[in-house]
Each structure stands twice: as structure tokens, then as C-alpha cells.
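Colleague: Quick one: the structure is below, and I'll ask about it shortly.
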Amino acid sequence: MVRVPLKQRLLEKSYKAFVLKKDPATGRPFRVVLDVMPRQASYSGSGAATTVVSNRPVVSNRPTKNNSSIKENIVIKTSTAADKKADKKKSSSKNKNDNKKNTAAAKTETKVNKSDADKLAVIKGNGRFRTSGGLDGKIITLDAGHGGSDPGAIGSDGTKEKNITLPIAKMLKEILEDKGAKVYMTRTTDVDVFGPNASDAEELQARVNVGEKYNSDMFVSLHVNSSVNKNVGGFSTYYYPKTDNDLRLAKNIQNKLAANFGVDDLGVRQANFYVIKRISMPAVLVEMCFISNEKELTLMKGQWFQKKTARLIAEGIEKYFA
């Protein structure tokens, strides 16, 4: 039994619990995850969006190495003591954290100590970005979530998140380029962006670096959600309010997705995800339905869903620049 001390009562919709399957091929154990969102609120159509701490757990989906200089900045307790040992996870009080990217960690914000930051290859762009005038000539970086040693969330039939995000990103790239945009991708094949066995900070910063290297006007990260509740489904779009345009971008994309699919509209949410917080230009992270929902799992594997999702995200981006 794991006891989690909390400062407030949890409502039914303020947490998620689910499992990650054992993977003998990579030595990853079976894990039980509790994802707590104590301040969750969402935007849907009108009004202001407020903070959500995280929508994904901080556990590893790939082989780990110790990274003593990274501490997680969200309130989450996961698994049992045995699972933690198998994942090489230690409490922050012992100054060790597995903190590798997975269905969640690829997105969550981390506090990187100065000693660790000094070791990161950080690329800084010119800090300028365009927010209007149409798509023609705009520079956009697309981030297909997960990849390589990190499969992301895994469906009941073995479908991996990384194999859903990449084809949609490629379709989106083609659509945007047909409209005159210059599009770069953090990955175009099934690889780790930084490289195998990277720390969480290294892998996430490598994705940020792509957007900064090309002085992008926009950064869009594509992911697929997961929940222990098989009935939970729908689209959601996350942003971090570092500019005056992040929320506007998130609204434009979410509104297009919500109005044109027969699935739940989970709204626009604010979150401290690394790739959308640490990058200088407006950025969003789009959750394209739930791989844990059997209906949506079937949908997301189909060309119709993938093409339509790419088209609608492109329409939201085009509206943002209009």
C-alpha cells in the first residue's frame, strides 16, 4: 500500500490512475500510476483557462540512468516501492529522480539545477516570432511525441503512441507546406531526438532546440492521452502563458478539433510541460484522444482520423495567423 499525503480532498475528476504494462524486452516493470491534478480547470469556448499541474505521470517508458540533478516539479506519487526500485526512482529528498520521458515525462516541467543546465546543449533563437499575416512564409516546428526507446502510452492491442504521433505530424507538415509555411520536425523517423539513454532534460531540450535553431514562429507538440478509466476520451490542448499568444494558439486549434469530431471536448488547459514552457515562441501540446479508450484507439489507427486530425490542426494554425 502506498499512502499519499494531500493538502486537499481529491474530486473524482482531479486525478487519473492507470497502469503501464511490463515490457520484458527493455526490462521495464509493471507500474501503477496515480496522476494528481489539484488545480485543474479548462477552457472550452469562452472564459479564462487556469493551471493544471499535469495530465501525465512521471514514470519511465524506457531504460533509465541516474540523473541526480533533476527534480520534478509536480505533485505525483507512483507505483509501489518495488516498482520504484525497478525504475531506479528515488525521492527528491534523496536528490535522485528517474525523470525520463514517457507518456508523461516527455511533457512535464522539470527544475534543472545550474550544474545540470550548464551541461545541456541549449540553443537560443533570436527571440522574434510572427503571429499574423497568413501562413505563407511562416516557420513552424512540429514535435512528434516520443520515439525511439520511448514508446509513449501503449494501447490494449500493443499500439504505441510514438507510432500515432509521427504519421499525423508528417501529414500536418505536408498540409502546412502546401499553404506556404516552412516546416521543421523534431524527428522524422522512429528515433530519440537527443539519442539513446539521454536524461529527461537532454531529450526534452533537444526538441526545444529544433524550434530555436530555426527561429520558429510556432512550436506544436503532438501526443496521445491515456487513462485507467477506459471511458475517458476526447481532445485537449495545453499551453504555457509565456507570451501573449500561447493561449490564443491553443484556443484556435482546440476549437477546430472540438467542433469537428464526435468525441469529448476536454478544452484548453495551462500546464508546465517542458517543451512548451522552455521554448521562446508560442507553443502548444495537443492530446489527440485517448489510446486507453477502445473506440478512440480504433479511430486513431485509421487513415481517416489521422488525416482529419492533421487537417483540423492545420486549420487552427491558419486561423491563428490570419
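How things are named: the first chain in the C-alpha cells is A, the next is B, and so on; residues count from 1 in each chain; ligands count from 1 in the order shown.
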For Ile276 in chain A, please output as an MDAnalysis selection string all residues within 12 Å (counting only C-alpha atoms; exclusion window: fewer than 5 positions along the same chain).
Modeller: chainID A and resid 106:109 141:143 204:205 207:209 211:212 218:222 237:243 246:247 249:250 270:271 281:286
Colleague: For Lys182 in chain A, work out the shell of residues within 7 Å, counting only C-alpha atoms and skipping chain neighbours fewer than 2 positions away, then give it as JSON, numbers by chain.
Modeller: {"A": [137, 138, 139, 140, 177, 180, 184]}
Colleague: Please write the residues from the selection above to a file, keeping N, CA and C atoms, as a PDB file, in the first residue's frame.
Modeller:
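The result, written out as part-v4.pdb:
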ATOM      1  N   GLY A 137       5.178  31.668 -45.676  1.00  0.00           N
ATOM      2  CA  GLY A 137       6.477  32.108 -45.186  1.00  0.00           C
ATOM      3  C   GLY A 137       6.715  31.900 -43.703  1.00  0.00           C
ATOM      4  N   LYS A 138       5.708  31.467 -42.964  1.00  0.00           N
ATOM      5  CA  LYS A 138       5.885  31.258 -41.528  1.00  0.00           C
ATOM      6  C   LYS A 138       6.716  30.003 -41.270  1.00  0.00           C
ATOM      7  N   ILE A 139       7.461  30.038 -40.190  1.00  0.00           N
ATOM      8  CA  ILE A 139       8.326  28.913 -39.813  1.00  0.00           C
ATOM      9  C   ILE A 139       7.686  28.182 -38.636  1.00  0.00           C
ATOM     10  N   ILE A 140       7.419  26.892 -38.815  1.00  0.00           N
ATOM     11  CA  ILE A 140       6.725  26.103 -37.801  1.00  0.00           C
ATOM     12  C   ILE A 140       7.523  24.839 -37.502  1.00  0.00           C
ATOM     13  N   GLU A 177       2.936  22.993 -45.502  1.00  0.00           N
ATOM     14  CA  GLU A 177       3.847  23.379 -46.581  1.00  0.00           C
ATOM     15  C   GLU A 177       3.089  23.711 -47.858  1.00  0.00           C
ATOM     16  N   GLY A 180       2.221  27.206 -47.864  1.00  0.00           N
ATOM     17  CA  GLY A 180       3.312  28.177 -47.922  1.00  0.00           C
ATOM     18  C   GLY A 180       4.203  28.266 -46.707  1.00  0.00           C
ATOM     19  N   TYR A 184       9.649  22.414 -39.983  1.00  0.00           N
ATOM     20  CA  TYR A 184      10.719  21.533 -39.497  1.00  0.00           C
ATOM     21  C   TYR A 184      10.114  20.557 -38.501  1.00  0.00           C
TER      22      TYR A 184
END
Colleague: Would you return as a PyMOL selection string the members of range 117-211 of chain A that DSSP assigns to helix (DSSP H, G or I) on this structure's backbone?
Modeller: chain A and resi 117+162-178+200-211
Colleague: Enter the distance from CA of Asp264 in chain A to CA of Arg9 in chain A, in Å, rounded to one decimal.
Modeller: 25.8 Å
Colleague: Could you state the separation of CA of Met171 in chain A and CA of Ser280 in chain A in Å, given to one decimal place?
Modeller: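 If I compute the distance from CA of Met171 in chain A to CA of Ser280 in chain A, I get 25.0 Å.
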Colleague: Which is closest to Lys162 in chain A among A:Arg269, A:Lys230, A:Lys301, A:Lys256, if we use only C-alpha atoms?
Modeller: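 Checking each of A:Arg269, A:Lys230, A:Lys301, A:Lys256 against Lys162 in chain A, counting only C-alpha atoms, the winner is A:Lys301.
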